[in-house]
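This is coords-v4.csv (CSV, C-alpha atoms and all ligand atoms).
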```
chain,number,residue,atom,x,y,z
A,1183,MET,CA,0.0,0.0,0.0
A,1184,THR,CA,1.2,3.5,-0.8
A,1185,GLU,CA,1.6,6.1,1.9
A,1186,SER,CA,-1.6,7.8,0.5
A,1187,THR,CA,-3.7,4.6,0.6
A,1188,GLN,CA,-5.5,5.7,-2.6
A,1189,GLY,CA,-8.8,4.2,-1.8
A,1190,ILE,CA,-7.4,0.6,-1.7
A,1191,ALA,CA,-8.2,-1.7,1.2
A,1192,PRO,CA,-5.1,-2.2,3.3
A,1193,GLU,CA,-3.3,-5.6,3.1
A,1194,ALA,CA,-3.8,-7.9,6.0
A,1195,ILE,CA,-1.6,-10.7,7.2
A,1196,THR,CA,-2.9,-13.4,9.5
A,1197,ILE,CA,-1.3,-14.5,12.7
A,1198,LEU,CA,-2.9,-17.7,14.1
A,1199,ASN,CA,-5.9,-17.1,11.9
A,1200,THR,CA,-6.4,-13.6,13.1
A,1201,PRO,CA,-6.1,-10.6,10.8
A,1202,VAL,CA,-3.6,-7.8,11.4
A,1203,HIS,CA,-3.3,-5.0,8.8
A,1204,SER,CA,0.1,-4.1,7.4
A,1205,VAL,CA,-0.1,-0.4,8.0
A,1206,SER,CA,2.2,2.3,9.6
A,1207,MET,CA,0.8,5.0,11.9
A,1208,ASN,CA,0.8,7.4,8.9
A,1209,GLN,CA,-1.1,5.0,6.7
A,1210,THR,CA,-3.6,4.5,9.6
A,1211,LEU,CA,-4.2,8.3,9.7
A,1212,HIS,CA,-4.7,8.4,5.9
A,1213,LEU,CA,-7.2,5.6,6.2
A,1214,VAL,CA,-9.0,7.5,9.0
A,1215,HIS,CA,-9.4,10.5,6.7
A,1216,ARG,CA,-10.9,8.2,4.1
A,1217,TYR,CA,-13.2,6.5,6.5
A,1218,MET,CA,-14.5,9.9,7.7
A,1219,THR,CA,-15.6,10.7,4.1
A,1220,GLU,CA,-17.3,7.3,3.5
A,1221,PRO,CA,-20.8,6.4,4.6
A,1222,GLY,CA,-21.3,4.0,7.5
A,1223,LEU,CA,-19.4,3.2,10.7
A,1224,HIS,CA,-15.8,2.0,10.3
A,1225,GLN,CA,-14.3,-0.1,13.1
A,1226,ILE,CA,-10.7,-0.2,14.2
A,1227,ALA,CA,-9.4,-2.8,16.6
A,1228,THR,CA,-6.1,-2.3,18.5
A,1229,THR,CA,-5.0,-5.9,18.2
A,1230,ASN,CA,-2.3,-7.4,20.5
A,1231,PRO,CA,-1.3,-11.0,21.4
A,1232,GLU,CA,-4.0,-11.2,24.1
A,1233,PHE,CA,-6.6,-10.5,21.3
A,1234,VAL,CA,-5.1,-13.2,19.1
A,1235,MET,CA,-5.2,-15.8,21.9
A,1236,ARG,CA,-8.7,-14.9,22.9
A,1237,ALA,CA,-9.8,-15.3,19.2
A,1238,GLN,CA,-8.5,-18.9,19.3
A,1239,HIS,CA,-11.4,-20.0,21.4
A,1240,ASP,CA,-13.9,-17.1,21.0
A,1241,ASP,CA,-15.4,-17.5,17.5
A,1242,HIS,CA,-17.5,-14.4,17.9
A,1243,PHE,CA,-14.5,-12.3,18.7
A,1244,ARG,CA,-12.5,-13.7,15.8
A,1245,GLN,CA,-15.4,-12.9,13.5
A,1246,VAL,CA,-15.6,-9.3,14.9
A,1247,LEU,CA,-11.8,-8.9,14.1
A,1248,GLN,CA,-12.2,-10.4,10.7
A,1249,GLU,CA,-15.0,-8.0,9.9
A,1250,ALA,CA,-13.3,-4.9,11.3
A,1251,ASP,CA,-12.1,-2.3,8.8
A,1252,LEU,CA,-8.7,-2.1,10.3
A,1253,CYS,CA,-6.8,-4.2,12.9
A,1254,ILE,CA,-3.7,-2.3,13.9
A,1255,ALA,CA,-0.7,-4.0,15.4
A,1256,ASP,CA,-0.8,-2.7,19.0
A,1257,GLY,CA,1.8,-4.9,20.7
A,1258,VAL,CA,5.4,-5.7,20.0
A,1259,GLY,CA,4.6,-9.5,20.1
A,1260,LEU,CA,2.7,-9.1,16.8
A,1261,ILE,CA,5.7,-7.4,15.2
A,1262,LEU,CA,8.0,-10.2,16.3
A,1263,ALA,CA,5.5,-12.9,15.3
A,1264,ALA,CA,4.9,-11.3,11.9
A,1265,HIS,CA,8.7,-11.2,11.3
A,1266,TRP,CA,9.1,-14.8,12.4
A,1267,LEU,CA,6.3,-15.9,10.1
A,1268,GLY,CA,7.9,-14.3,7.1
A,1269,THR,CA,5.2,-11.6,6.7
A,1270,PRO,CA,6.7,-8.6,8.4
A,1271,LEU,CA,4.6,-5.6,9.5
A,1272,PRO,CA,5.9,-2.0,9.0
A,1273,GLU,CA,5.7,-0.9,12.6
A,1274,ARG,CA,3.8,-1.0,15.8
A,1275,VAL,CA,0.7,1.3,15.9
A,1276,PRO,CA,-0.1,1.8,19.5
A,1277,GLY,CA,-3.7,2.6,20.3
A,1278,SER,CA,-2.5,4.7,23.2
A,1279,GLU,CA,-0.7,7.0,20.7
A,1280,LEU,CA,-3.4,6.9,18.1
A,1281,VAL,CA,-6.0,8.4,20.4
A,1282,TYR,CA,-3.9,11.6,20.7
A,1283,LYS,CA,-3.5,11.8,16.9
A,1284,LEU,CA,-7.2,11.2,16.4
A,1285,ALA,CA,-8.0,14.0,18.9
A,1286,GLU,CA,-5.6,16.3,17.1
A,1287,MET,CA,-7.1,15.5,13.7
A,1288,ALA,CA,-10.6,15.8,15.0
A,1289,ALA,CA,-9.8,19.3,16.3
A,1290,GLN,CA,-8.5,20.3,12.9
A,1291,GLU,CA,-11.3,18.7,10.9
A,1292,LYS,CA,-14.1,19.6,13.4
A,1293,TRP,CA,-15.0,16.0,13.9
A,1294,ARG,CA,-16.9,15.4,17.2
A,1295,ILE,CA,-15.5,12.7,19.6
A,1296,PHE,CA,-17.6,10.8,22.1
A,1297,LEU,CA,-15.6,9.0,24.9
A,1298,LEU,CA,-17.4,5.8,26.1
A,1299,GLY,CA,-16.3,3.6,29.0
A,1300,ALA,CA,-13.4,3.5,31.4
A,1301,GLY,CA,-13.7,3.9,35.2
A,1302,PRO,CA,-15.8,6.5,37.0
A,1303,GLY,CA,-14.7,10.0,36.0
A,1304,VAL,CA,-12.0,8.8,33.7
A,1305,ALA,CA,-13.7,9.7,30.3
A,1306,ASP,CA,-14.6,13.2,31.6
A,1307,LYS,CA,-11.0,13.8,32.8
A,1308,ALA,CA,-9.6,12.5,29.5
A,1309,ALA,CA,-12.0,14.8,27.6
A,1310,ALA,CA,-10.8,17.8,29.6
A,1311,ILE,CA,-7.1,16.9,28.9
A,1312,PHE,CA,-7.7,16.4,25.1
A,1313,GLN,CA,-9.6,19.7,25.2
A,1314,SER,CA,-6.8,21.6,26.8
A,1315,MET,CA,-4.3,20.0,24.4
A,1316,TYR,CA,-6.4,20.8,21.3
A,1317,PRO,CA,-8.6,23.8,22.1
A,1318,GLN,CA,-10.6,23.5,18.8
A,1319,LEU,CA,-11.7,20.0,19.7
A,1320,LYS,CA,-15.4,19.4,20.0
A,1321,ILE,CA,-16.2,16.7,22.6
A,1322,ALA,CA,-19.6,15.3,21.7
A,1323,GLY,CA,-20.1,13.6,25.0
A,1324,THR,CA,-18.7,11.2,27.6
A,1325,TYR,CA,-20.3,8.3,29.5
A,1326,ALA,CA,-18.8,5.5,31.5
A,1327,GLY,CA,-21.7,3.0,31.5
A,1328,SER,CA,-21.0,-0.7,30.9
A,1329,PRO,CA,-20.8,-3.0,28.0
A,1330,ASP,CA,-23.7,-5.0,29.4
A,1331,PRO,CA,-26.5,-5.4,26.8
A,1332,SER,CA,-29.0,-4.0,29.3
A,1333,GLU,CA,-27.4,-0.5,28.8
A,1334,ASN,CA,-27.2,-0.8,25.1
A,1335,GLU,CA,-30.2,1.2,24.2
A,1336,LEU,CA,-29.5,4.1,26.6
A,1337,ILE,CA,-25.9,4.4,25.4
A,1338,THR,CA,-26.7,4.3,21.7
A,1339,GLN,CA,-29.4,6.9,22.2
A,1340,LEU,CA,-26.9,9.1,24.0
A,1341,ILE,CA,-24.4,8.8,21.2
A,1342,LYS,CA,-27.0,9.4,18.6
A,1343,ASN,CA,-28.2,12.6,20.3
A,1344,SER,CA,-24.6,13.8,20.6
A,1345,ARG,CA,-24.1,13.6,16.8
A,1346,ALA,CA,-20.6,12.2,17.4
A,1347,ASP,CA,-18.4,11.5,14.3
A,1348,ILE,CA,-15.8,9.4,16.2
A,1349,LEU,CA,-16.3,7.1,19.1
A,1350,PHE,CA,-13.7,5.8,21.5
A,1351,VAL,CA,-14.8,2.7,23.4
A,1352,ALA,CA,-12.9,1.9,26.6
A,1353,TYR,CA,-14.4,-1.4,27.8
A,1354,GLY,CA,-11.3,-3.6,27.3
A,1355,ALA,CA,-11.1,-6.4,24.7
A,1356,PRO,CA,-13.2,-8.3,23.7
A,1357,ASN,CA,-16.2,-6.4,25.1
A,1358,GLN,CA,-15.4,-3.1,23.5
A,1359,ASP,CA,-14.9,-4.6,20.1
A,1360,LYS,CA,-18.1,-6.7,20.3
A,1361,TRP,CA,-19.9,-3.6,21.5
A,1362,ILE,CA,-18.9,-1.7,18.4
A,1363,ALA,CA,-19.8,-4.6,16.1
A,1364,ARG,CA,-23.2,-5.0,17.7
A,1365,ASN,CA,-24.0,-1.3,17.3
A,1366,ARG,CA,-22.5,-0.7,13.8
A,1367,GLU,CA,-26.0,-0.1,12.3
A,1368,THR,CA,-27.5,1.8,15.2
A,1369,LEU,CA,-25.1,4.8,15.3
A,1370,PRO,CA,-26.0,6.8,12.1
A,1371,THR,CA,-23.6,9.7,12.7
A,1372,VAL,CA,-20.5,7.7,13.7
A,1373,ARG,CA,-18.0,7.2,10.9
A,1374,LEU,CA,-15.2,5.7,13.1
A,1375,ALA,CA,-15.3,3.7,16.3
A,1376,ILE,CA,-12.2,2.3,17.9
A,1377,GLY,CA,-11.8,0.1,21.0
A,1378,VAL,CA,-9.1,1.9,23.0
A,1379,GLY,CA,-8.6,-0.4,25.9
A,1380,GLY,CA,-6.8,1.3,28.8
A,1381,SER,CA,-5.7,4.3,26.7
A,1382,LEU,CA,-8.0,6.8,28.6
A,1383,ASP,CA,-6.3,5.6,31.8
A,1384,PHE,CA,-3.0,6.5,30.3
A,1385,VAL,CA,-4.3,9.9,29.1
A,1386,THR,CA,-5.5,10.8,32.6
A,1387,GLY,CA,-2.4,9.4,34.3
A,1388,LYS,CA,-4.4,6.7,36.2
A,1389,THR,CA,-1.8,4.4,34.8
A,1390,THR,CA,1.4,5.4,33.1
A,1391,ARG,CA,3.1,4.1,29.9
A,1392,ALA,CA,6.6,2.7,30.1
A,1393,PRO,CA,9.5,5.0,29.4
A,1394,SER,CA,10.5,5.0,25.8
A,1395,TRP,CA,13.7,3.0,26.5
A,1396,ILE,CA,11.6,0.2,28.0
A,1397,GLN,CA,9.2,0.4,25.0
A,1398,ASN,CA,12.3,0.2,22.6
A,1399,LEU,CA,13.4,-3.0,24.4
A,1400,GLY,CA,9.9,-4.4,23.6
A,1401,LEU,CA,9.2,-4.7,27.3
A,1402,GLU,CA,6.2,-2.5,27.7
A,1403,TRP,CA,4.1,-5.5,28.6
A,1404,LEU,CA,6.4,-6.2,31.6
A,1405,TYR,CA,6.1,-2.6,32.8
A,1406,ARG,CA,2.4,-2.9,32.7
A,1407,LEU,CA,2.4,-6.2,34.6
A,1408,LEU,CA,4.6,-4.7,37.3
A,1409,GLN,CA,2.2,-1.7,37.5
A,1410,GLU,CA,-1.0,-3.8,37.4
A,1411,PRO,CA,0.0,-7.3,38.8
A,1412,TRP,CA,-3.6,-8.5,38.7
A,1413,ARG,CA,-3.0,-8.8,35.0
A,1414,TRP,CA,-0.7,-11.9,35.4
A,1415,ARG,CA,-3.4,-14.4,34.6
A,1416,ARG,CA,-4.4,-12.6,31.4
A,1417,MET,CA,-0.8,-12.2,30.5
A,1418,LEU,CA,-0.2,-15.9,30.5
A,1419,ALA,CA,-1.6,-15.5,27.0
A,1420,LEU,CA,1.8,-14.0,26.0
A,1421,PRO,CA,4.0,-17.2,26.4
A,1422,HIS,CA,1.2,-19.3,24.9
A,1423,PHE,CA,1.1,-16.9,22.0
A,1424,ALA,CA,4.9,-17.2,21.5
A,1425,ILE,CA,4.8,-21.0,21.6
A,1426,LYS,CA,1.9,-21.2,19.1
A,1427,VAL,CA,3.7,-18.8,16.7
A,1428,LEU,CA,7.0,-20.7,17.0
A,1429,LEU,CA,5.1,-23.9,16.1
A,1430,THR,CA,3.4,-22.3,13.0
A,1431,PRO,CA,5.0,-23.1,9.6
A,1432,ARG,CA,6.7,-20.1,8.2
A,1433,SER,CA,5.9,-18.7,4.7
B,1,LIG,N1,-13.7,-1.1,31.6
B,1,LIG,C1,-14.9,-0.5,31.8
B,1,LIG,N2,-16.0,-1.4,32.0
B,1,LIG,C2,-15.8,-2.7,32.0
B,1,LIG,C3,-14.5,-3.3,31.8
B,1,LIG,C4,-13.5,-2.4,31.6
B,1,LIG,O1,-15.1,0.7,31.7
B,1,LIG,O2,-16.8,-3.4,32.2
B,1,LIG,C5,-12.5,-0.2,31.3
B,1,LIG,C6,-11.4,-0.1,32.3
B,1,LIG,O3,-11.8,0.8,33.4
B,1,LIG,C7,-10.3,0.4,31.5
B,1,LIG,C8,-10.6,-0.1,30.1
B,1,LIG,O4,-11.9,-0.6,30.2
B,1,LIG,O5,-10.3,1.8,31.5
B,1,LIG,C9,-9.7,-1.1,29.6
B,1,LIG,O6,-9.6,-2.2,30.4
B,1,LIG,P1,-8.3,-3.1,30.3
B,1,LIG,O7,-7.2,-2.4,31.0
B,1,LIG,O8,-8.7,-4.4,30.9
B,1,LIG,O9,-8.1,-3.2,28.7
B,1,LIG,P2,-6.8,-3.5,27.9
B,1,LIG,O10,-6.1,-2.2,27.8
B,1,LIG,O11,-6.0,-4.5,28.6
B,1,LIG,O12,-7.4,-3.9,26.6
```

Before we go any further, please render this structure as structure tokens.
Ligand code: UDP
Amino acid sequence: MTESTQGIAPEAITILNTPVHSVSMNQTLHLVHRYMTEPGLHQIATTNPEFVMRAQHDDHFRQVLQEADLCIADGVGLILAAHWLGTPLPERVPGSELVYKLAEMAAQEKWRIFLLGAGPGVADKAAAIFQSMYPQLKIAGTYAGSPDPSENELITQLIKNSRADILFVAYGAPNQDKWIARNRETLPTVRLAIGVGGSLDFVTGKTTRAPSWIQNLGLEWLYRLLQEPWRWRRMLALPHFAIKVLLTPRS
């Protein structure tokens, strides 16, 4: 794919039967521009090895990822796996960096952003931070709520009334991605919806990202584990992922 994307669908590779698109951060931003001019809701997933392992036994989640418009490689494990499998990806595209770039673009283009999910007060605080960084930004609304289907109607009505163009959903995977897929047809103004995981927690400083030298060593996952040790069980997905990839025939 060229840097301008030129209306062509991005190429996807598959890692353990799960799609990951071969795009850089710049290409992702070009695609976002295109999505915003096309009708319908476009879904972006911030795929990491935990997503891939979940998709091995959760058919619905795998289908959601397969039907998403764009699955960016958010996780060094995917970059290493793609290289090992002989289908290298251009670079890591972290959702936690993309949210700032989307907020900046939205401020320039007058796109309205709605922040859904995260813990009590987090979406409001993140909205205020984005607003102070990008004063032209229009925040369409914020709501913590829950991904439980019982709240679906209330939340979709809120978003509809807000006339949001872009939706950040912070319910963690797979719930955030399933939530978006379930509501694709019920949010007529939204052109782009992205599952942002813990990104709003990073924005507000509730949790912090690893220093860049730790990121460069590919050890951001370890930093996160030390900061949030309750993640250890979920993070067992990482060694399982590595073993499964190493056992996969290379192309
Ligand atoms: N979260 C939420 N409601 C839920 C589950 C999670 O608002 O029912 C929020 C949580 O507060 C956090 C975000 O979802 O802000 C991402 O969760 P997690 O850190 O588990 O996701 P990851 O970044 O690992 O995908």

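Restricting the atom set to only C-alpha atoms and all ligand atoms, one finds that the residues within 6 Å of ligand LIG 1 (chain B) amount to A:Gly1299, A:Ala1300, A:Gly1301, A:Ser1328, A:Pro1329, A:Ala1352, A:Tyr1353, A:Gly1354, A:Ala1355, A:Gly1379, A:Gly1380, A:Asp1383.
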
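Pairwise distance (atom CA of Thr1200 of chain A, atom CA of Arg1244 of chain A) equals 6.7 Å.
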
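Near Gln1397 of chain A, within 12 Å and counting only C-alpha atoms, sit A:Gly1257, A:Val1258, A:Gly1259, A:Arg1274, A:Pro1276, A:Arg1391, A:Ala1392, A:Pro1393, A:Ser1394, A:Gly1400, A:Leu1401, A:Glu1402, A:Trp1403, A:Leu1404, A:Tyr1405, A:Arg1406; same-chain residues fewer than 3 positions away were not included.
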
Hey, can you spit out that residue selection with C-alpha atoms as a PDB file, keeping the file's coordinate frame?
```pdb
ATOM      1  CA  GLY A1257       1.800  -4.900  20.700  1.00  0.00           C
ATOM      2  CA  VAL A1258       5.400  -5.700  20.000  1.00  0.00           C
ATOM      3  CA  GLY A1259       4.600  -9.500  20.100  1.00  0.00           C
ATOM      4  CA  ARG A1274       3.800  -1.000  15.800  1.00  0.00           C
ATOM      5  CA  PRO A1276      -0.100   1.800  19.500  1.00  0.00           C
ATOM      6  CA  ARG A1391       3.100   4.100  29.900  1.00  0.00           C
ATOM      7  CA  ALA A1392       6.600   2.700  30.100  1.00  0.00           C
ATOM      8  CA  PRO A1393       9.500   5.000  29.400  1.00  0.00           C
ATOM      9  CA  SER A1394      10.500   5.000  25.800  1.00  0.00           C
ATOM     10  CA  GLY A1400       9.900  -4.400  23.600  1.00  0.00           C
ATOM     11  CA  LEU A1401       9.200  -4.700  27.300  1.00  0.00           C
ATOM     12  CA  GLU A1402       6.200  -2.500  27.700  1.00  0.00           C
ATOM     13  CA  TRP A1403       4.100  -5.500  28.600  1.00  0.00           C
ATOM     14  CA  LEU A1404       6.400  -6.200  31.600  1.00  0.00           C
ATOM     15  CA  TYR A1405       6.100  -2.600  32.800  1.00  0.00           C
ATOM     16  CA  ARG A1406       2.400  -2.900  32.700  1.00  0.00           C
TER      17      ARG A1406
END
```

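Considering all atoms listed in the file, the residue among A:His1242, A:His1265, A:Lys1426, A:His1212 positioned nearest to Arg1364 of chain A is A:His1242.
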
Segment 1348-1413 of chain A residues near segment 1278-1286 of chain A within 12 Å, closest pair each, using only C-alpha atoms, as CSV:
```
residue,atom,partner,partner_atom,distance
A:Ile1348,CA,A:Leu1284,CA,8.8
A:Leu1349,CA,A:Leu1284,CA,10.3
A:Phe1350,CA,A:Val1281,CA,8.2
A:Val1351,CA,A:Val1281,CA,10.9
A:Ala1352,CA,A:Ser1278,CA,11.3
A:Leu1374,CA,A:Leu1284,CA,10.3
A:Ala1375,CA,A:Leu1284,CA,11.0
A:Ile1376,CA,A:Val1281,CA,9.0
A:Gly1377,CA,A:Val1281,CA,10.1
A:Val1378,CA,A:Ser1278,CA,7.2
A:Gly1379,CA,A:Ser1278,CA,8.4
A:Gly1380,CA,A:Ser1278,CA,7.8
A:Ser1381,CA,A:Ser1278,CA,4.8
A:Leu1382,CA,A:Ser1278,CA,8.0
A:Asp1383,CA,A:Ser1278,CA,9.4
A:Phe1384,CA,A:Ser1278,CA,7.3
A:Val1385,CA,A:Ser1278,CA,8.1
A:Thr1386,CA,A:Ser1278,CA,11.6
A:Thr1389,CA,A:Ser1278,CA,11.6
A:Thr1390,CA,A:Ser1278,CA,10.7
A:Arg1391,CA,A:Ser1278,CA,8.8
A:Ala1392,CA,A:Ser1278,CA,11.6
```

Do a neighbour search on Ala1227 of chain A at 8 Å with only C-alpha atoms, toss out local chain neighbours closer than 2 positions, and write the hits as a compact mmCIF listing (two decimals) with C-alpha atoms, in the coordinates of the input.
```txt
# COMPACT_ATOMS: atom_id res chain seq x y z
CA GLN A 1225 -14.30 -0.10 13.10
CA THR A 1229 -5.00 -5.90 18.20
CA LEU A 1247 -11.80 -8.90 14.10
CA ALA A 1250 -13.30 -4.90 11.30
CA LEU A 1252 -8.70 -2.10 10.30
CA CYS A 1253 -6.80 -4.20 12.90
CA ILE A 1254 -3.70 -2.30 13.90
CA ASP A 1359 -14.90 -4.60 20.10
CA ILE A 1376 -12.20 2.30 17.90
CA GLY A 1377 -11.80 0.10 21.00
CA VAL A 1378 -9.10 1.90 23.00
```

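Take the candidates A:Ala1363, A:Ala1309, A:Asn1208, A:Met1287 and check each one against Asp1251 of chain A using only C-alpha atoms; the shortest distance goes to A:Ala1363.
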